[in-house]
Amino acid sequence: MKAEMRQKLARESFAEKIRKVAQLIRLAKTFPHRNRLNHRPAAR
Amino acid sequence: MAINEPSDNLPLADVLRAANELVAAGLIEDWALGGALAAIYYVEPFTTYDADIFFISKDKGLTGGIPAIYAHLQAQGWQVEREHLLIRGFPVQFLAAHGLTEEDVRDAERIDYEGVSARIFRAEHIVAIAASVGRHKDLARIEQLLQQADLDKSRLENILQRHNLKLPKP
């Protein structure tokens with residue numbers, strides 16, 4: 001992802017970012033293998 | 001919604017409200033959201049599976065007041081799963097703050113999240129904690145915060161110096 005796009009995401013409201021985290025968790029549960037392949041070091 | 005009914009969104013407001021209630025109940029002195037969710041306040045969202053609440057205990061004994069916190073939250077309907085307490089299926093860890101993390105709680109930023117008053121670790125403190133832990137994911141978090149958060153460089157330098165910490169070399 002481009003740095004500008006990541007910066008834009010970082011500037012979103014905390015509530016919006018928390019909604020996106022919930023989406024990421026749902027995706028990870030739906031596609032666990034794919035998520036492992038795309039595992040990012042910052043994730044915990 | 002019942003406290004253990006699963007939610008599509010993260011039940012963060014419930015977590016923060018519960019932490020405030022622990023203060024009101026006299027079980028803890030103060031608290032702040034730390035860990036990955038605190039980092040997300042400053043950077044792009046990423047996957048995380050729990051919330052870390054750091055607290056300053058009123059009980060200065062060995063247990064740091066943890067049993068009373070568990071008992072209080074379990075009475076509210078929270079469930080226990082290993083080191084986590086679960087609300088709506090979302091794991092929350094309550095961690096007694098000491099040293100650097102106690103300073104982080106005392107210096108935490110005040111925020112309002114969905115109408116709930118809360119405190120959250122400052123970005124500079126999250127960087128310092130990550131530098132003190134130093135796992136691969138902590139180094140990645142430092143890089144992310146340096147790139148995306150508006151860090152107060154002098155505050156960061158001050159914290160690092162006082163706790164004898166160094167940022168990893170790029």
# chains A, B, ... in the order shown; residues from 1 in each chain; ligands from 1
call {"tool": "residues_around", "arguments": {"residues": "B:Ile53", "least_positions_apart": "3", "cutoff": "9 Å", "atoms": "only C-alpha atoms", "output": "count of residues only"}}
result
13
call {"tool": "closest_atom_pairs", "arguments": {"of": "chain A", "to": "chain B", "cutoff": "9 Å", "atoms": "only C-alpha atoms", "output": "CSV"}}
result
residue,atom,partner,partner_atom,distance
A:Arg6,CA,B:Glu44,CA,6.0
A:Gln7,CA,B:Gln148,CA,6.0
A:Lys8,CA,B:Glu44,CA,7.9
A:Leu9,CA,B:Glu44,CA,5.0
A:Ala10,CA,B:Glu44,CA,3.9
A:Arg11,CA,B:Val43,CA,7.4
A:Glu12,CA,B:Glu44,CA,8.1
A:Ser13,CA,B:Tyr41,CA,8.1
A:Phe14,CA,B:Tyr41,CA,5.5
A:Ala15,CA,B:Tyr113,CA,7.1
A:Lys17,CA,B:Pro45,CA,5.4
A:Ile18,CA,B:Leu10,CA,6.9
A:Arg19,CA,B:Asn9,CA,6.0
A:Lys20,CA,B:Pro45,CA,6.5
A:Val21,CA,B:Thr47,CA,5.6
A:Ala22,CA,B:Asn9,CA,5.5
A:Gln23,CA,B:Asn9,CA,8.0
A:Leu24,CA,B:Thr47,CA,5.7
A:Ile25,CA,B:Thr47,CA,6.1
A:Arg26,CA,B:Asp8,CA,8.5
A:Ala28,CA,B:Thr47,CA,8.3
A:Arg40,CA,B:Phe46,CA,8.4
A:Pro41,CA,B:Lys137,CA,5.1
A:Ala42,CA,B:Lys137,CA,4.7
A:Ala43,CA,B:Thr47,CA,5.3
A:Arg44,CA,B:Thr48,CA,5.0
call {"tool": "write_last_selection", "arguments": {"atoms": "N, CA, C and O atoms", "output": "mmCIF file, in the first residue's frame"}}
result
data_model
loop_
_atom_site.group_PDB
_atom_site.id
_atom_site.type_symbol
_atom_site.label_atom_id
_atom_site.label_comp_id
_atom_site.auth_asym_id
_atom_site.auth_seq_id
_atom_site.Cartn_x
_atom_site.Cartn_y
_atom_site.Cartn_z
ATOM 1 N N ARG A 6 -1.642 4.904 3.505
ATOM 2 C CA ARG A 6 -1.466 4.465 4.900
ATOM 3 C C ARG A 6 -1.582 5.662 5.842
ATOM 4 O O ARG A 6 -2.165 5.575 6.918
ATOM 5 N N GLN A 7 -1.029 6.792 5.413
ATOM 6 C CA GLN A 7 -1.112 8.014 6.216
ATOM 7 C C GLN A 7 -2.563 8.477 6.336
ATOM 8 O O GLN A 7 -3.003 8.913 7.404
ATOM 9 N N LYS A 8 -3.302 8.334 5.227
ATOM 10 C CA LYS A 8 -4.718 8.724 5.234
ATOM 11 C C LYS A 8 -5.497 7.840 6.226
ATOM 12 O O LYS A 8 -6.335 8.333 6.974
ATOM 13 N N LEU A 9 -5.208 6.556 6.206
ATOM 14 C CA LEU A 9 -5.866 5.634 7.149
ATOM 15 C C LEU A 9 -5.519 6.002 8.592
ATOM 16 O O LEU A 9 -6.364 5.943 9.483
ATOM 17 N N ALA A 10 -4.269 6.375 8.800
ATOM 18 C CA ALA A 10 -3.823 6.739 10.151
ATOM 19 C C ALA A 10 -4.557 7.972 10.666
ATOM 20 O O ALA A 10 -4.720 8.159 11.871
ATOM 21 N N ARG A 11 -4.996 8.831 9.743
ATOM 22 C CA ARG A 11 -5.664 10.088 10.120
ATOM 23 C C ARG A 11 -7.166 9.923 10.354
ATOM 24 O O ARG A 11 -7.837 10.868 10.741
ATOM 25 N N GLU A 12 -7.696 8.737 10.093
ATOM 26 C CA GLU A 12 -9.136 8.525 10.308
ATOM 27 C C GLU A 12 -9.455 8.580 11.806
ATOM 28 O O GLU A 12 -8.557 8.454 12.646
ATOM 29 N N SER A 13 -10.744 8.744 12.108
ATOM 30 C CA SER A 13 -11.128 8.809 13.524
ATOM 31 C C SER A 13 -10.848 7.461 14.191
ATOM 32 O O SER A 13 -10.832 6.411 13.525
ATOM 33 N N PHE A 14 -10.641 7.502 15.506
ATOM 34 C CA PHE A 14 -10.350 6.266 16.241
ATOM 35 C C PHE A 14 -11.520 5.284 16.087
ATOM 36 O O PHE A 14 -11.303 4.083 15.874
ATOM 37 N N ALA A 15 -12.751 5.801 16.159
ATOM 38 C CA ALA A 15 -13.919 4.919 16.043
ATOM 39 C C ALA A 15 -13.933 4.216 14.683
ATOM 40 O O ALA A 15 -14.229 3.021 14.593
ATOM 41 N N LYS A 17 -11.311 3.609 12.818
ATOM 42 C CA LYS A 17 -10.206 2.644 12.790
ATOM 43 C C LYS A 17 -10.570 1.376 13.564
ATOM 44 O O LYS A 17 -10.228 0.276 13.152
ATOM 45 N N ILE A 18 -11.290 1.531 14.663
ATOM 46 C CA ILE A 18 -11.706 0.360 15.448
ATOM 47 C C ILE A 18 -12.689 -0.491 14.632
ATOM 48 O O ILE A 18 -12.641 -1.725 14.674
ATOM 49 N N ARG A 19 -13.562 0.179 13.855
ATOM 50 C CA ARG A 19 -14.473 -0.580 12.972
ATOM 51 C C ARG A 19 -13.664 -1.387 11.953
ATOM 52 O O ARG A 19 -13.981 -2.531 11.647
ATOM 53 N N LYS A 20 -12.595 -0.781 11.442
ATOM 54 C CA LYS A 20 -11.754 -1.487 10.457
ATOM 55 C C LYS A 20 -11.006 -2.661 11.108
ATOM 56 O O LYS A 20 -10.829 -3.700 10.482
ATOM 57 N N VAL A 21 -10.577 -2.492 12.353
ATOM 58 C CA VAL A 21 -9.922 -3.603 13.061
ATOM 59 C C VAL A 21 -10.901 -4.776 13.178
ATOM 60 O O VAL A 21 -10.529 -5.934 12.948
ATOM 61 N N ALA A 22 -12.164 -4.461 13.525
ATOM 62 C CA ALA A 22 -13.180 -5.522 13.631
ATOM 63 C C ALA A 22 -13.351 -6.236 12.291
ATOM 64 O O ALA A 22 -13.471 -7.467 12.248
ATOM 65 N N GLN A 23 -13.320 -5.468 11.193
ATOM 66 C CA GLN A 23 -13.426 -6.077 9.853
ATOM 67 C C GLN A 23 -12.222 -6.986 9.586
ATOM 68 O O GLN A 23 -12.361 -8.077 9.041
ATOM 69 N N LEU A 24 -11.034 -6.512 9.961
ATOM 70 C CA LEU A 24 -9.814 -7.307 9.751
ATOM 71 C C LEU A 24 -9.880 -8.626 10.535
ATOM 72 O O LEU A 24 -9.477 -9.677 10.034
ATOM 73 N N ILE A 25 -10.416 -8.556 11.766
ATOM 74 C CA ILE A 25 -10.534 -9.772 12.586
ATOM 75 C C ILE A 25 -11.509 -10.749 11.922
ATOM 76 O O ILE A 25 -11.244 -11.949 11.831
ATOM 77 N N ARG A 26 -12.651 -10.196 11.422
ATOM 78 C CA ARG A 26 -13.630 -11.073 10.753
ATOM 79 C C ARG A 26 -13.009 -11.729 9.527
ATOM 80 O O ARG A 26 -13.187 -12.909 9.276
ATOM 81 N N ALA A 28 -9.839 -12.316 9.008
ATOM 82 C CA ALA A 28 -8.828 -13.292 9.440
ATOM 83 C C ALA A 28 -9.486 -14.598 9.868
ATOM 84 O O ALA A 28 -8.930 -15.680 9.650
ATOM 85 N N ARG A 40 1.343 -9.480 8.846
ATOM 86 C CA ARG A 40 2.201 -8.291 8.949
ATOM 87 C C ARG A 40 2.897 -8.317 10.298
ATOM 88 O O ARG A 40 2.312 -8.692 11.298
ATOM 89 N N PRO A 41 4.154 -7.887 10.340
ATOM 90 C CA PRO A 41 4.900 -7.983 11.594
ATOM 91 C C PRO A 41 4.282 -7.194 12.737
ATOM 92 O O PRO A 41 4.463 -7.559 13.880
ATOM 93 N N ALA A 42 3.547 -6.123 12.433
ATOM 94 C CA ALA A 42 3.003 -5.295 13.525
ATOM 95 C C ALA A 42 1.775 -5.921 14.157
ATOM 96 O O ALA A 42 1.347 -5.508 15.204
ATOM 97 N N ALA A 43 1.190 -6.949 13.495
ATOM 98 C CA ALA A 43 -0.045 -7.519 14.030
ATOM 99 C C ALA A 43 0.245 -8.276 15.312
ATOM 100 O O ALA A 43 1.325 -8.798 15.505
ATOM 101 N N ARG A 44 -0.757 -8.305 16.208
ATOM 102 C CA ARG A 44 -0.610 -9.128 17.409
ATOM 103 C C ARG A 44 -1.937 -9.764 17.745
ATOM 104 O O ARG A 44 -2.937 -9.392 17.231
#
call {"tool": "closest_residue", "arguments": {"among": "B:Leu146, B:Leu165, B:Asp52, B:Asp30", "to": "B:Asp107", "atoms": "only C-alpha atoms"}}
result
B:Asp30
call {"tool": "select_by_dssp", "arguments": {"residues": "stretch 11-84 of chain B", "states": "strand (DSSP E)", "output": "PyMOL selection string"}}
result
chain B and resi 28-34+51-57+79-81+84
call {"tool": "atom_distance", "arguments": {"atom1": "atom CA of B:Leu85", "atom2": "atom CA of B:Leu100"}}
result
23.9 Å
call {"tool": "select_by_dssp", "arguments": {"residues": "stretch 13-111 of chain B", "states": "alpha helix (DSSP H)", "output": "short mmCIF file (atom, residue, chain, number, x, y, z; two decimals) with N, CA, C and O atoms, in the first residue's frame"}}
result
data_model
loop_
_atom_site.label_atom_id
_atom_site.label_comp_id
_atom_site.auth_asym_id
_atom_site.auth_seq_id
_atom_site.Cartn_x
_atom_site.Cartn_y
_atom_site.Cartn_z
N ALA B 13 -16.00 0.38 23.74
CA ALA B 13 -16.67 1.31 24.67
C ALA B 13 -17.03 0.60 25.97
O ALA B 13 -16.88 1.16 27.06
N ASP B 14 -17.45 -0.66 25.87
CA ASP B 14 -17.79 -1.44 27.08
C ASP B 14 -16.54 -1.67 27.93
O ASP B 14 -16.61 -1.66 29.16
N VAL B 15 -15.42 -1.92 27.26
CA VAL B 15 -14.16 -2.16 27.98
C VAL B 15 -13.76 -0.90 28.76
O VAL B 15 -13.43 -0.95 29.94
N LEU B 16 -13.83 0.24 28.08
CA LEU B 16 -13.41 1.50 28.69
C LEU B 16 -14.36 1.88 29.85
O LEU B 16 -13.92 2.35 30.89
N ARG B 17 -15.65 1.63 29.62
CA ARG B 17 -16.65 1.91 30.66
C ARG B 17 -16.35 1.05 31.90
O ARG B 17 -16.41 1.53 33.03
N ALA B 18 -16.03 -0.22 31.67
CA ALA B 18 -15.73 -1.13 32.78
C ALA B 18 -14.50 -0.67 33.56
O ALA B 18 -14.46 -0.74 34.79
N ALA B 19 -13.50 -0.17 32.83
CA ALA B 19 -12.29 0.31 33.50
C ALA B 19 -12.63 1.53 34.37
O ALA B 19 -12.14 1.64 35.50
N ASN B 20 -13.49 2.41 33.87
CA ASN B 20 -13.93 3.55 34.68
C ASN B 20 -14.67 3.08 35.93
O ASN B 20 -14.54 3.66 37.01
N GLU B 21 -15.46 2.02 35.77
CA GLU B 21 -16.21 1.49 36.91
C GLU B 21 -15.28 0.90 37.98
O GLU B 21 -15.60 0.94 39.16
N LEU B 22 -14.14 0.37 37.53
CA LEU B 22 -13.17 -0.16 38.51
C LEU B 22 -12.61 0.97 39.37
O LEU B 22 -12.34 0.78 40.56
N VAL B 23 -12.44 2.14 38.77
CA VAL B 23 -11.99 3.31 39.53
C VAL B 23 -13.10 3.72 40.51
O VAL B 23 -12.84 3.94 41.69
N ALA B 24 -14.33 3.80 39.99
CA ALA B 24 -15.46 4.21 40.83
C ALA B 24 -15.67 3.25 41.99
O ALA B 24 -16.07 3.67 43.08
N GLY B 35 -0.96 -1.06 24.55
CA GLY B 35 -0.86 -2.12 23.56
C GLY B 35 -1.23 -1.71 22.15
O GLY B 35 -1.17 -0.53 21.77
N ALA B 36 -1.64 -2.70 21.36
CA ALA B 36 -1.90 -2.48 19.94
C ALA B 36 -3.03 -1.49 19.70
O ALA B 36 -2.94 -0.64 18.80
N LEU B 37 -4.10 -1.56 20.51
CA LEU B 37 -5.23 -0.64 20.28
C LEU B 37 -4.83 0.80 20.55
O LEU B 37 -5.31 1.71 19.87
N ALA B 38 -3.94 1.01 21.51
CA ALA B 38 -3.45 2.37 21.74
C ALA B 38 -2.63 2.83 20.54
O ALA B 38 -2.74 3.98 20.10
N ALA B 39 -1.81 1.94 20.00
CA ALA B 39 -1.01 2.30 18.82
C ALA B 39 -1.92 2.68 17.66
O ALA B 39 -1.63 3.63 16.92
N ILE B 40 -3.02 1.95 17.51
CA ILE B 40 -3.95 2.20 16.40
C ILE B 40 -4.58 3.59 16.51
O ILE B 40 -4.99 4.16 15.50
N TYR B 41 -4.64 4.12 17.70
CA TYR B 41 -5.15 5.50 17.86
C TYR B 41 -4.29 6.47 17.03
O TYR B 41 -4.78 7.49 16.55
N TYR B 42 -3.00 6.13 16.86
CA TYR B 42 -2.06 7.04 16.19
C TYR B 42 -1.68 6.62 14.77
O TYR B 42 -1.16 7.43 14.01
N ILE B 66 -5.46 -7.87 41.37
CA ILE B 66 -6.02 -8.61 40.23
C ILE B 66 -7.22 -9.49 40.63
O ILE B 66 -8.24 -9.46 39.94
N PRO B 67 -7.13 -10.25 41.74
CA PRO B 67 -8.29 -11.10 42.09
C PRO B 67 -9.58 -10.28 42.28
O PRO B 67 -10.65 -10.71 41.83
N ALA B 68 -9.46 -9.12 42.89
CA ALA B 68 -10.66 -8.29 43.12
C ALA B 68 -11.21 -7.76 41.79
O ALA B 68 -12.43 -7.67 41.59
N ILE B 69 -10.31 -7.43 40.87
CA ILE B 69 -10.74 -6.95 39.54
C ILE B 69 -11.48 -8.07 38.80
O ILE B 69 -12.57 -7.85 38.24
N TYR B 70 -10.91 -9.27 38.84
CA TYR B 70 -11.56 -10.42 38.18
C TYR B 70 -12.93 -10.67 38.80
O TYR B 70 -13.90 -10.88 38.09
N ALA B 71 -12.98 -10.67 40.13
CA ALA B 71 -14.25 -10.96 40.81
C ALA B 71 -15.29 -9.93 40.44
O ALA B 71 -16.45 -10.26 40.14
N HIS B 72 -14.88 -8.65 40.40
CA HIS B 72 -15.81 -7.57 40.07
C HIS B 72 -16.36 -7.74 38.66
O HIS B 72 -17.57 -7.65 38.43
N LEU B 73 -15.47 -8.01 37.70
CA LEU B 73 -15.91 -8.10 36.30
C LEU B 73 -16.69 -9.39 36.04
O LEU B 73 -17.65 -9.38 35.26
N GLN B 74 -16.31 -10.47 36.71
CA GLN B 74 -17.06 -11.71 36.54
C GLN B 74 -18.49 -11.55 37.07
O GLN B 74 -19.43 -12.08 36.50
N ALA B 75 -18.62 -10.76 38.15
CA ALA B 75 -19.96 -10.50 38.69
C ALA B 75 -20.79 -9.69 37.70
O ALA B 75 -22.02 -9.73 37.72
N LEU B 100 7.99 2.19 34.00
CA LEU B 100 7.66 2.91 32.77
C LEU B 100 6.16 2.90 32.48
O LEU B 100 5.59 3.94 32.14
N THR B 101 5.51 1.76 32.64
CA THR B 101 4.08 1.71 32.32
C THR B 101 3.25 2.52 33.33
O THR B 101 2.22 3.08 32.96
N GLU B 102 3.72 2.60 34.58
CA GLU B 102 2.99 3.43 35.56
C GLU B 102 3.10 4.90 35.13
O GLU B 102 2.12 5.65 35.19
N GLU B 103 4.27 5.29 34.69
CA GLU B 103 4.46 6.65 34.19
C GLU B 103 3.56 6.89 32.96
O GLU B 103 2.97 7.96 32.81
N ASP B 104 3.45 5.87 32.11
CA ASP B 104 2.61 5.97 30.91
C ASP B 104 1.14 6.20 31.28
O ASP B 104 0.45 6.98 30.64
N VAL B 105 0.69 5.49 32.32
CA VAL B 105 -0.70 5.65 32.76
C VAL B 105 -0.90 7.07 33.30
O VAL B 105 -1.86 7.76 32.94
N ARG B 106 0.03 7.53 34.13
CA ARG B 106 -0.11 8.86 34.76
C ARG B 106 -0.07 9.98 33.72
O ARG B 106 -0.67 11.03 33.90
#
